[in-house]
file final-v1.txt (compact mmCIF, C-alpha atoms)
# COMPACT_ATOMS: atom_id res chain seq x y z
CA MET D 1 -123.87 -84.22 -107.06
CA ILE D 2 -122.41 -87.63 -107.83
CA ARG D 3 -118.72 -87.78 -106.95
CA VAL D 4 -116.48 -89.72 -109.33
CA ALA D 5 -112.81 -90.34 -108.46
CA VAL D 6 -110.43 -90.81 -111.40
CA VAL D 7 -107.31 -92.54 -110.10
CA ARG D 8 -103.98 -91.45 -111.61
CA PHE D 9 -101.00 -93.79 -111.60
CA PRO D 10 -97.58 -92.80 -112.90
CA GLY D 11 -98.13 -93.60 -116.58
CA SER D 12 -101.89 -93.05 -116.72
CA ASN D 13 -102.64 -91.16 -119.92
CA CYS D 14 -106.41 -91.26 -120.41
CA ASP D 15 -107.04 -89.47 -117.12
CA TRP D 16 -108.10 -86.10 -118.56
CA ASP D 17 -110.41 -87.61 -121.18
CA THR D 18 -112.02 -89.74 -118.49
CA LEU D 19 -112.41 -86.78 -116.13
CA ARG D 20 -114.03 -84.74 -118.89
CA ALA D 21 -116.40 -87.52 -119.89
CA ALA D 22 -117.52 -87.97 -116.28
CA ARG D 23 -118.07 -84.21 -115.90
CA GLU D 24 -120.01 -84.01 -119.14
CA ALA D 25 -122.27 -86.74 -117.72
CA GLY D 26 -123.01 -84.45 -114.79
CA ALA D 27 -120.62 -85.87 -112.21
CA ASP D 28 -118.39 -83.95 -109.82
CA ALA D 29 -115.26 -85.71 -111.10
CA TYR D 30 -111.82 -85.23 -109.60
CA PHE D 31 -108.37 -86.84 -109.68
CA VAL D 32 -106.99 -89.06 -106.92
CA TRP D 33 -103.22 -89.64 -106.98
CA HIS D 34 -102.23 -93.30 -106.56
CA ARG D 35 -100.38 -92.56 -103.30
CA GLU D 36 -103.58 -91.38 -101.61
CA THR D 37 -105.12 -93.75 -99.09
CA THR D 38 -108.71 -92.50 -99.41
CA LEU D 39 -111.04 -91.77 -102.31
CA SER D 40 -112.32 -88.55 -100.68
CA GLY D 41 -115.94 -89.62 -100.50
CA ALA D 42 -116.27 -91.00 -104.00
CA ASP D 43 -119.57 -92.52 -105.11
CA ALA D 44 -117.81 -94.23 -108.01
CA VAL D 45 -114.19 -94.84 -109.02
CA VAL D 46 -112.63 -95.06 -112.47
CA LEU D 47 -109.17 -96.48 -113.18
CA PRO D 48 -108.29 -94.88 -116.53
CA GLY D 49 -106.20 -96.18 -119.41
CA GLY D 50 -102.50 -95.74 -119.88
CA PHE D 51 -99.34 -97.60 -118.96
CA ALA D 52 -99.14 -97.54 -115.16
CA TYR D 53 -95.55 -98.15 -114.09
CA GLY D 54 -94.58 -98.59 -117.73
CA ASP D 55 -96.41 -101.95 -117.81
CA TYR D 56 -93.27 -103.35 -116.15
CA LEU D 57 -93.39 -107.06 -115.27
CA ARG D 58 -96.98 -107.31 -116.62
CA ALA D 59 -99.56 -104.64 -117.39
CA GLY D 60 -101.16 -103.68 -114.07
CA ALA D 61 -98.95 -105.95 -111.97
CA ILE D 62 -97.16 -103.17 -110.08
CA ALA D 63 -100.04 -100.68 -109.97
CA ARG D 64 -102.12 -103.00 -107.83
CA PHE D 65 -99.69 -102.38 -104.95
CA SER D 66 -100.28 -98.62 -105.01
CA PRO D 67 -101.65 -97.36 -101.67
CA VAL D 68 -104.90 -96.20 -103.29
CA MET D 69 -105.78 -99.77 -104.30
CA ALA D 70 -106.68 -100.69 -100.70
CA ALA D 71 -109.29 -97.91 -100.80
CA VAL D 72 -110.52 -99.09 -104.21
CA GLN D 73 -110.81 -102.64 -102.85
CA ALA D 74 -112.76 -101.40 -99.79
CA HIS D 75 -115.05 -99.30 -102.02
CA ALA D 76 -115.71 -102.38 -104.18
CA ASP D 77 -116.33 -104.58 -101.13
CA GLU D 78 -119.01 -102.15 -99.98
CA GLY D 79 -120.71 -102.47 -103.36
CA GLY D 80 -119.45 -99.15 -104.72
CA PRO D 81 -119.17 -98.88 -108.52
CA VAL D 82 -115.65 -99.36 -109.92
CA LEU D 83 -114.78 -99.10 -113.62
CA GLY D 84 -111.43 -100.08 -115.11
CA ILE D 85 -110.81 -98.93 -118.67
CA CYS D 86 -108.05 -100.63 -120.72
CA ASN D 87 -105.00 -100.45 -118.42
CA GLY D 88 -107.49 -99.97 -115.55
CA PHE D 89 -109.10 -103.30 -116.55
CA GLN D 90 -105.64 -104.91 -116.46
CA VAL D 91 -105.06 -103.47 -112.97
CA LEU D 92 -108.43 -104.83 -111.72
CA CYS D 93 -107.59 -108.32 -113.02
CA GLU D 94 -104.12 -108.24 -111.44
CA ALA D 95 -105.66 -107.04 -108.18
CA GLY D 96 -108.11 -109.95 -108.20
CA LEU D 97 -111.17 -107.66 -108.33
CA LEU D 98 -112.03 -109.28 -111.65
CA PRO D 99 -111.22 -112.81 -112.84
CA GLY D 100 -108.94 -113.71 -115.75
CA ALA D 101 -106.12 -111.81 -117.40
CA LEU D 102 -105.27 -109.72 -120.45
CA MET D 103 -102.58 -111.19 -122.69
CA ARG D 104 -100.65 -109.97 -125.72
CA ASN D 105 -102.91 -109.50 -128.76
CA ALA D 106 -103.15 -112.56 -130.98
CA GLY D 107 -102.44 -110.46 -134.09
CA LEU D 108 -98.98 -109.43 -132.86
CA THR D 109 -99.73 -105.74 -133.23
CA PHE D 110 -100.81 -102.91 -131.01
CA VAL D 111 -104.40 -102.31 -132.12
CA ALA D 112 -105.59 -98.69 -132.11
CA ARG D 113 -108.81 -98.21 -134.05
CA PRO D 114 -112.56 -97.95 -133.63
CA VAL D 115 -114.31 -101.29 -133.12
CA ARG D 116 -117.95 -102.24 -132.67
CA VAL D 117 -119.06 -103.76 -129.39
CA ARG D 118 -122.37 -105.18 -128.24
CA VAL D 119 -123.78 -104.50 -124.78
CA ASP D 120 -124.59 -107.95 -123.38
CA ALA D 121 -125.36 -106.95 -119.78
CA VAL D 122 -127.22 -103.79 -118.81
CA ASP D 123 -127.53 -104.68 -115.12
CA THR D 124 -124.28 -102.98 -114.08
CA PRO D 125 -123.83 -99.36 -112.96
CA PHE D 126 -121.80 -98.60 -116.07
CA THR D 127 -124.15 -100.06 -118.69
CA ALA D 128 -127.58 -99.44 -117.13
CA ALA D 129 -128.46 -96.64 -119.58
CA TYR D 130 -127.67 -98.71 -122.69
CA ARG D 131 -130.30 -100.66 -124.55
CA SER D 132 -129.69 -104.39 -124.08
CA GLY D 133 -127.99 -105.75 -127.18
CA ALA D 134 -127.10 -102.28 -128.45
CA ILE D 135 -124.09 -102.17 -130.76
CA PHE D 136 -121.94 -99.07 -130.65
CA GLN D 137 -118.62 -97.86 -132.00
CA VAL D 138 -115.77 -97.19 -129.60
CA PRO D 139 -111.97 -97.10 -129.99
CA VAL D 140 -109.58 -99.70 -128.62
CA ALA D 141 -105.88 -98.95 -128.12
CA HIS D 142 -103.91 -101.80 -126.62
CA GLY D 143 -101.12 -104.30 -127.15
CA GLU D 144 -102.31 -106.63 -124.43
CA GLY D 145 -106.07 -106.87 -124.68
CA ARG D 146 -106.67 -110.56 -125.32
CA TYR D 147 -108.93 -111.62 -122.50
CA VAL D 148 -108.28 -115.13 -121.18
CA ALA D 149 -109.71 -117.08 -118.27
CA PRO D 150 -109.63 -120.72 -117.19
CA PRO D 151 -112.42 -122.80 -118.83
CA ASP D 152 -114.50 -123.11 -115.65
CA GLU D 153 -114.22 -119.37 -114.99
CA LEU D 154 -115.25 -118.64 -118.57
CA ARG D 155 -118.28 -120.91 -118.25
CA LYS D 156 -119.24 -119.15 -115.03
CA LEU D 157 -118.93 -115.70 -116.63
CA GLU D 158 -121.24 -116.78 -119.44
CA ALA D 159 -123.71 -118.66 -117.23
CA GLU D 160 -124.06 -115.70 -114.88
CA GLY D 161 -124.35 -113.16 -117.71
CA ARG D 162 -121.24 -111.34 -116.59
CA VAL D 163 -119.85 -110.64 -120.04
CA VAL D 164 -120.78 -106.96 -120.26
CA LEU D 165 -119.33 -106.02 -123.66
CA ARG D 166 -118.56 -108.27 -126.61
CA TYR D 167 -116.65 -107.43 -129.78
CA VAL D 168 -118.61 -107.68 -133.00
CA ASP D 169 -115.28 -108.04 -134.86
CA ASN D 170 -112.77 -109.38 -132.36
CA PRO D 171 -109.57 -107.29 -132.75
CA ASN D 172 -107.25 -109.19 -130.39
CA GLY D 173 -108.22 -112.87 -130.13
CA ALA D 174 -110.04 -112.48 -126.79
CA MET D 175 -111.81 -115.63 -125.64
CA ASN D 176 -115.55 -115.58 -126.48
CA ASP D 177 -115.03 -112.12 -128.06
CA ILE D 178 -114.97 -110.64 -124.56
CA ALA D 179 -114.37 -106.88 -124.40
CA GLY D 180 -115.66 -106.29 -120.87
CA ILE D 181 -116.80 -108.23 -117.80
CA THR D 182 -118.22 -107.66 -114.34
CA ASN D 183 -117.71 -109.29 -110.94
CA PRO D 184 -120.29 -111.58 -109.23
CA THR D 185 -121.85 -108.62 -107.36
CA ARG D 186 -121.92 -106.63 -110.63
CA ASN D 187 -120.50 -103.40 -109.20
CA VAL D 188 -116.98 -103.79 -110.64
CA VAL D 189 -116.66 -103.56 -114.43
CA GLY D 190 -113.57 -103.81 -116.63
CA MET D 191 -113.46 -103.08 -120.36
CA MET D 192 -110.70 -102.82 -122.95
CA PRO D 193 -112.46 -100.25 -125.21
CA HIS D 194 -112.22 -96.54 -124.34
CA PRO D 195 -115.72 -95.07 -123.86
CA GLU D 196 -114.14 -91.72 -122.88
CA ARG D 197 -112.72 -91.49 -126.41
CA ALA D 198 -116.20 -91.85 -127.89
CA ALA D 199 -117.99 -89.47 -125.58
CA ASP D 200 -118.58 -86.46 -127.80
CA PRO D 201 -119.87 -86.06 -131.38
CA LEU D 202 -116.69 -84.08 -132.07
CA LEU D 203 -114.73 -87.33 -131.55
CA GLY D 204 -116.73 -89.08 -134.27
CA ALA D 205 -118.73 -91.25 -131.89
CA ALA D 206 -120.67 -90.35 -128.78
CA ASP D 207 -122.21 -93.56 -127.43
CA GLY D 208 -119.34 -94.01 -124.97
CA ALA D 209 -120.87 -91.12 -123.03
CA ILE D 210 -123.68 -93.49 -122.02
CA THR D 211 -121.13 -95.41 -119.88
CA PHE D 212 -120.65 -92.28 -117.75
CA ARG D 213 -124.32 -91.29 -117.80
CA SER D 214 -125.10 -94.84 -116.61
CA VAL D 215 -123.05 -94.51 -113.45
CA VAL D 216 -124.41 -91.05 -112.65
CA GLN D 217 -127.97 -92.37 -113.02
CA SER D 218 -127.22 -95.59 -111.10
CA VAL D 219 -125.74 -93.75 -108.12
CA ALA D 220 -128.63 -91.27 -108.12
CA LEU D 221 -131.10 -94.15 -108.22
CA ALA D 222 -129.33 -95.97 -105.37
CA ARG D 223 -129.45 -92.76 -103.32
CA GLY D 224 -133.14 -92.39 -104.03
CA GLY D 225 -133.67 -95.92 -102.78
CA VAL D 226 -132.39 -95.17 -99.29
CA ARG D 227 -134.11 -91.81 -98.96
CA MET Q 1 -77.02 -114.98 -92.37
CA PRO Q 2 -76.19 -116.96 -95.52
CA ARG Q 3 -76.90 -115.46 -98.92
CA PHE Q 4 -78.66 -117.30 -101.75
CA ASP Q 5 -78.80 -116.65 -105.50
CA VAL Q 6 -82.26 -117.15 -106.90
CA GLU Q 7 -83.12 -117.59 -110.57
CA VAL Q 8 -86.80 -117.46 -111.52
CA ARG Q 9 -88.16 -118.49 -114.91
CA VAL Q 10 -91.67 -117.44 -115.90
CA MET Q 11 -93.22 -118.91 -119.07
CA PRO Q 12 -96.56 -118.38 -120.78
CA ARG Q 13 -98.75 -121.40 -120.03
CA ALA Q 14 -98.27 -124.05 -122.71
CA THR Q 15 -101.99 -124.29 -123.47
CA LEU Q 16 -102.25 -120.56 -124.26
CA LEU Q 17 -101.33 -118.86 -127.51
CA ASP Q 18 -97.92 -117.12 -127.38
CA PRO Q 19 -97.86 -114.69 -130.32
CA GLN Q 20 -94.45 -113.38 -129.29
CA GLY Q 21 -93.02 -116.90 -129.52
CA GLN Q 22 -94.65 -117.36 -132.92
CA ALA Q 23 -93.12 -114.12 -134.20
CA VAL Q 24 -89.66 -115.15 -133.02
CA GLU Q 25 -90.15 -118.56 -134.62
CA HIS Q 26 -90.97 -116.90 -137.97
CA ALA Q 27 -87.83 -114.79 -137.67
CA LEU Q 28 -85.66 -117.82 -136.84
CA THR Q 29 -87.09 -119.63 -139.85
CA ALA Q 30 -86.31 -116.61 -142.02
CA LEU Q 31 -82.77 -116.72 -140.67
CA GLY Q 32 -82.45 -120.27 -142.00
CA PHE Q 33 -83.15 -122.29 -138.86
CA ARG Q 34 -85.97 -124.19 -140.49
CA GLU Q 35 -85.88 -127.08 -138.01
CA VAL Q 36 -87.04 -124.84 -135.13
CA SER Q 37 -90.51 -125.31 -133.67
CA ARG Q 38 -92.58 -124.48 -130.57
CA VAL Q 39 -90.71 -121.28 -129.70
CA ARG Q 40 -92.03 -119.60 -126.56
CA VAL Q 41 -90.91 -116.35 -124.98
CA GLY Q 42 -90.91 -115.95 -121.22
CA ARG Q 43 -89.12 -113.95 -118.59
CA ALA Q 44 -86.15 -114.59 -116.33
CA LEU Q 45 -85.47 -112.81 -113.04
CA THR Q 46 -82.48 -113.09 -110.74
CA PHE Q 47 -82.02 -111.80 -107.22
CA GLU Q 48 -80.12 -112.42 -104.03
CA ILE Q 49 -81.70 -113.08 -100.66
CA ASP Q 50 -80.37 -113.45 -97.12
CA ARG Q 51 -82.14 -116.29 -95.29
CA ARG Q 52 -81.13 -118.70 -92.57
CA ASP Q 53 -81.29 -121.74 -94.88
CA ALA Q 54 -82.16 -122.88 -98.40
CA ALA Q 55 -85.63 -124.05 -97.36
CA ALA Q 56 -86.53 -120.55 -96.15
CA ALA Q 57 -85.17 -118.99 -99.35
CA GLU Q 58 -87.22 -121.44 -101.43
CA ARG Q 59 -90.37 -120.67 -99.43
CA ASP Q 60 -89.89 -116.97 -100.10
CA ALA Q 61 -89.14 -117.49 -103.79
CA ARG Q 62 -92.32 -119.55 -104.20
CA ALA Q 63 -94.41 -116.91 -102.42
CA MET Q 64 -92.94 -114.16 -104.64
CA CYS Q 65 -93.75 -116.16 -107.78
CA GLU Q 66 -97.29 -116.92 -106.66
CA ARG Q 67 -98.09 -113.39 -105.53
CA LEU Q 68 -96.26 -111.18 -108.02
CA LEU Q 69 -93.66 -112.56 -110.40
CA ALA Q 70 -96.00 -114.86 -112.33
CA ASN Q 71 -99.67 -114.44 -113.20
CA PRO Q 72 -101.45 -117.57 -111.94
CA VAL Q 73 -103.98 -117.37 -114.79
CA THR Q 74 -101.55 -117.25 -117.70
CA GLU Q 75 -98.05 -118.20 -116.61
CA ASP Q 76 -96.07 -121.04 -115.02
CA PHE Q 77 -92.89 -120.56 -113.04
CA THR Q 78 -89.83 -122.52 -111.95
CA PHE Q 79 -86.98 -121.34 -109.80
CA VAL Q 80 -83.53 -122.44 -108.62
CA VAL Q 81 -81.99 -121.46 -105.29
CA ARG Q 82 -78.20 -121.74 -104.91
CA ALA Q 83 -76.17 -120.99 -101.82
CA ARG Q 84 -73.46 -118.38 -102.32
CA THR Q 85 -70.00 -119.77 -101.84

call {"tool": "encode", "arguments": {"input": "final-v1.txt", "output": "structure tokens"}}
result
Amino acid sequence: MIRVAVVRFPGSNCDWDTLRAAREAGADAYFVWHRETTLSGADAVVLPGGFAYGDYLRAGAIARFSPVMAAVQAHADEGGPVLGICNGFQVLCEAGLLPGALMRNAGLTFVARPVRVRVDAVDTPFTAAYRSGAIFQVPVAHGEGRYVAPPDELRKLEAEGRVVLRYVDNPNGAMNDIAGITNPTRNVVGMMPHPERAADPLLGAADGAITFRSVVQSVALARGGVR
Amino acid sequence: MPRFDVEVRVMPRATLLDPQGQAVEHALTALGFREVSRVRVGRALTFEIDRRDAAAAERDARAMCERLLANPVTEDFTFVVRART
């Protein structure tokens, strides 16, 4: 079975939804407290949404010093899949695992509503099961979701096809309508929308479940490759 | 070892949109201060540090700003180090 670690920081609040979504996708998902120093043999790691350390100083700024982040970094360096959702995306940017930063929304308000996003890169472990260019509905819930990056970094992201998700109707003023990106080796993905909140027809939208099915399939495929 | 007072100022980079500053500017205008423009909202931090001299305290303050107190992508920082008397 594919093992998925869901990291909990003090202030994480999408941890249960994320755990459930990963289990529904067929993964053996379990929590890892931020003070742990290992990921207990995880095949993939998810940093869930929330407000780690109360977003003090800057969202994600303190969380990146949690002991578990050294293990997350090592997992990423070995090519292991890492997904940061919302606050998890902010943590990955602060930790330097992804470029750029998330700033206060341009519209001055906390935005919590369903948006439409387009899948612009399907060659990552978290989007592999989507159809390229697919548009799906997924909720956002953030006050600081405006993605920014220096001009040369932005050009590089675009040139290398590393913008993974793009807003159809940009809710926060993010540069180039960016909702999610990946790193140069394409194993680390960060996204502001919450796929775990759109992972069951009961929630009104279910295409977020494909994010979790993607990683289960990708890990299984990678395992098959070394057999 | 001498003690130093450090004051750090972190501001959103001038080239980036600062919606918080804009909101405060609207409020100031509503309050009657119509001549106000270019309001920006940042963050100030103060701390004390024991170091052998001002140069060492400044080195530490800079390292703190670069590695934690300011985000190099979105913010600029300045700081002042004063010896305690």

call {"tool": "closest_atom_pairs", "arguments": {"input": "final-v1.txt", "of": "chain D", "to": "chain Q", "cutoff": "10 Å", "atoms": "all atoms listed in the file", "output": "JSON lines"}}
result
{"residue": "D:Leu57", "atom": "CA", "partner": "Q:Leu69", "partner_atom": "CA", "distance": 7.4}
{"residue": "D:Arg58", "atom": "CA", "partner": "Q:Asn71", "partner_atom": "CA", "distance": 8.4}
{"residue": "D:Ala61", "atom": "CA", "partner": "Q:Leu68", "partner_atom": "CA", "distance": 7.1}
{"residue": "D:Ile62", "atom": "CA", "partner": "Q:Leu68", "partner_atom": "CA", "distance": 8.3}
{"residue": "D:Phe65", "atom": "CA", "partner": "Q:Leu68", "partner_atom": "CA", "distance": 9.9}
{"residue": "D:Cys93", "atom": "CA", "partner": "Q:Val73", "partner_atom": "CA", "distance": 9.9}
{"residue": "D:Glu94", "atom": "CA", "partner": "Q:Asn71", "partner_atom": "CA", "distance": 7.8}
{"residue": "D:Pro99", "atom": "CA", "partner": "Q:Val73", "partner_atom": "CA", "distance": 8.8}
{"residue": "D:Gly100", "atom": "CA", "partner": "Q:Val73", "partner_atom": "CA", "distance": 6.2}
{"residue": "D:Ala101", "atom": "CA", "partner": "Q:Val73", "partner_atom": "CA", "distance": 6.5}
{"residue": "D:Leu102", "atom": "CA", "partner": "Q:Thr74", "partner_atom": "CA", "distance": 8.8}
{"residue": "D:Met103", "atom": "CA", "partner": "Q:Thr74", "partner_atom": "CA", "distance": 7.9}
{"residue": "D:Arg104", "atom": "CA", "partner": "Q:Pro19", "partner_atom": "CA", "distance": 7.2}
{"residue": "D:Asn105", "atom": "CA", "partner": "Q:Pro19", "partner_atom": "CA", "distance": 7.4}
{"residue": "D:Ala106", "atom": "CA", "partner": "Q:Pro19", "partner_atom": "CA", "distance": 5.7}
{"residue": "D:Gly107", "atom": "CA", "partner": "Q:Pro19", "partner_atom": "CA", "distance": 7.3}
{"residue": "D:Leu108", "atom": "CA", "partner": "Q:Pro19", "partner_atom": "CA", "distance": 5.9}
{"residue": "D:Thr109", "atom": "CA", "partner": "Q:Pro19", "partner_atom": "CA", "distance": 9.6}
{"residue": "D:Val148", "atom": "CA", "partner": "Q:Thr74", "partner_atom": "CA", "distance": 7.9}
{"residue": "D:Ala149", "atom": "CA", "partner": "Q:Val73", "partner_atom": "CA", "distance": 6.7}
{"residue": "D:Pro150", "atom": "CA", "partner": "Q:Val73", "partner_atom": "CA", "distance": 7.0}
{"residue": "D:Gly173", "atom": "CA", "partner": "Q:Leu17", "partner_atom": "CA", "distance": 9.5}

call {"tool": "residues_near_point", "arguments": {"input": "final-v1.txt", "point": "(-126.8, -92.4, -115.5)", "cutoff": "10 Å", "atoms": "all atoms listed in the file", "output": "list in words"}}
result
Ala25, Gly26, Ala27, Pro125, Phe126, Thr127, Ala128, Ala129, Tyr130, Ala209, Ile210, Thr211, Phe212, Arg213, Ser214, Val215, Val216, Gln217, Ser218, Val219, Ala220 and Leu221 of chain D

call {"tool": "atom_distance", "arguments": {"input": "final-v1.txt", "atom1": "atom CA of Gly88 of chain D", "atom2": "atom CA of Gly190 of chain D"}}
result
7.3 Å

call {"tool": "atom_distance", "arguments": {"input": "final-v1.txt", "atom1": "atom CA of Arg166 of chain D", "atom2": "atom CA of Gly180 of chain D"}}
result
6.7 Å

call {"tool": "atom_distance", "arguments": {"input": "final-v1.txt", "atom1": "atom CA of Ala159 of chain D", "atom2": "atom CA of Met191 of chain D"}}
result
18.9 Å

call {"tool": "residues_around", "arguments": {"input": "final-v1.txt", "residues": "Arg62 of chain Q", "least_positions_apart": "3", "cutoff": "9 Å", "atoms": "all atoms listed in the file", "output": "list of chain:residue names"}}
result
Q:Ala57, Q:Glu58, Q:Arg59, Q:Cys65, Q:Glu66, Q:Arg67, Q:Phe77, Q:Thr78, Q:Phe79

call {"tool": "residues_around", "arguments": {"input": "final-v1.txt", "residues": "Ala174 of chain D", "least_positions_apart": "2", "cutoff": "6 Å", "atoms": "all atoms listed in the file", "output": "list in words"}}
result
Arg146, Tyr147, Asn172, Asp177 and Ile178 of chain D

call {"tool": "residues_near_point", "arguments": {"input": "final-v1.txt", "point": "(-85.2, -113.5, -116.0)", "cutoff": "9 Å", "atoms": "only C-alpha atoms", "output": "list in words"}}
result
Glu7, Val8, Arg9, Val10, Gly42, Arg43, Ala44, Leu45 and Thr46 of chain Q

call {"tool": "residues_around", "arguments": {"input": "final-v1.txt", "residues": "Phe51 of chain D", "least_positions_apart": "6", "cutoff": "9 Å", "atoms": "all atoms listed in the file", "output": "count of residues only"}}
result
8

call {"tool": "residues_around", "arguments": {"input": "final-v1.txt", "residues": "Met69 of chain D", "least_positions_apart": "4", "cutoff": "10 Å", "atoms": "all atoms listed in the file", "output": "ChimeraX atom specification"}}
result
/D:7,34-39,63-65,73-75,91-92,95

call {"tool": "residues_around", "arguments": {"input": "final-v1.txt", "residues": "Asp50 of chain Q", "least_positions_apart": "2", "cutoff": "12 Å", "atoms": "only C-alpha atoms", "output": "NGL selection string"}}
result
:Q and (1-6 or 47-48 or 52-58 or 60-61 or 81-84)

call {"tool": "closest_residue", "arguments": {"input": "final-v1.txt", "among": "D:Gly79, D:Pro151, D:Pro201, D:Pro67", "to": "Thr185 of chain D", "atoms": "all atoms listed in the file"}}
result
D:Gly79

call {"tool": "closest_residue", "arguments": {"input": "final-v1.txt", "among": "D:Arg118, D:Arg186, D:Arg8, D:Arg3", "to": "Gly50 of chain D", "atoms": "only C-alpha atoms"}}
result
D:Arg8
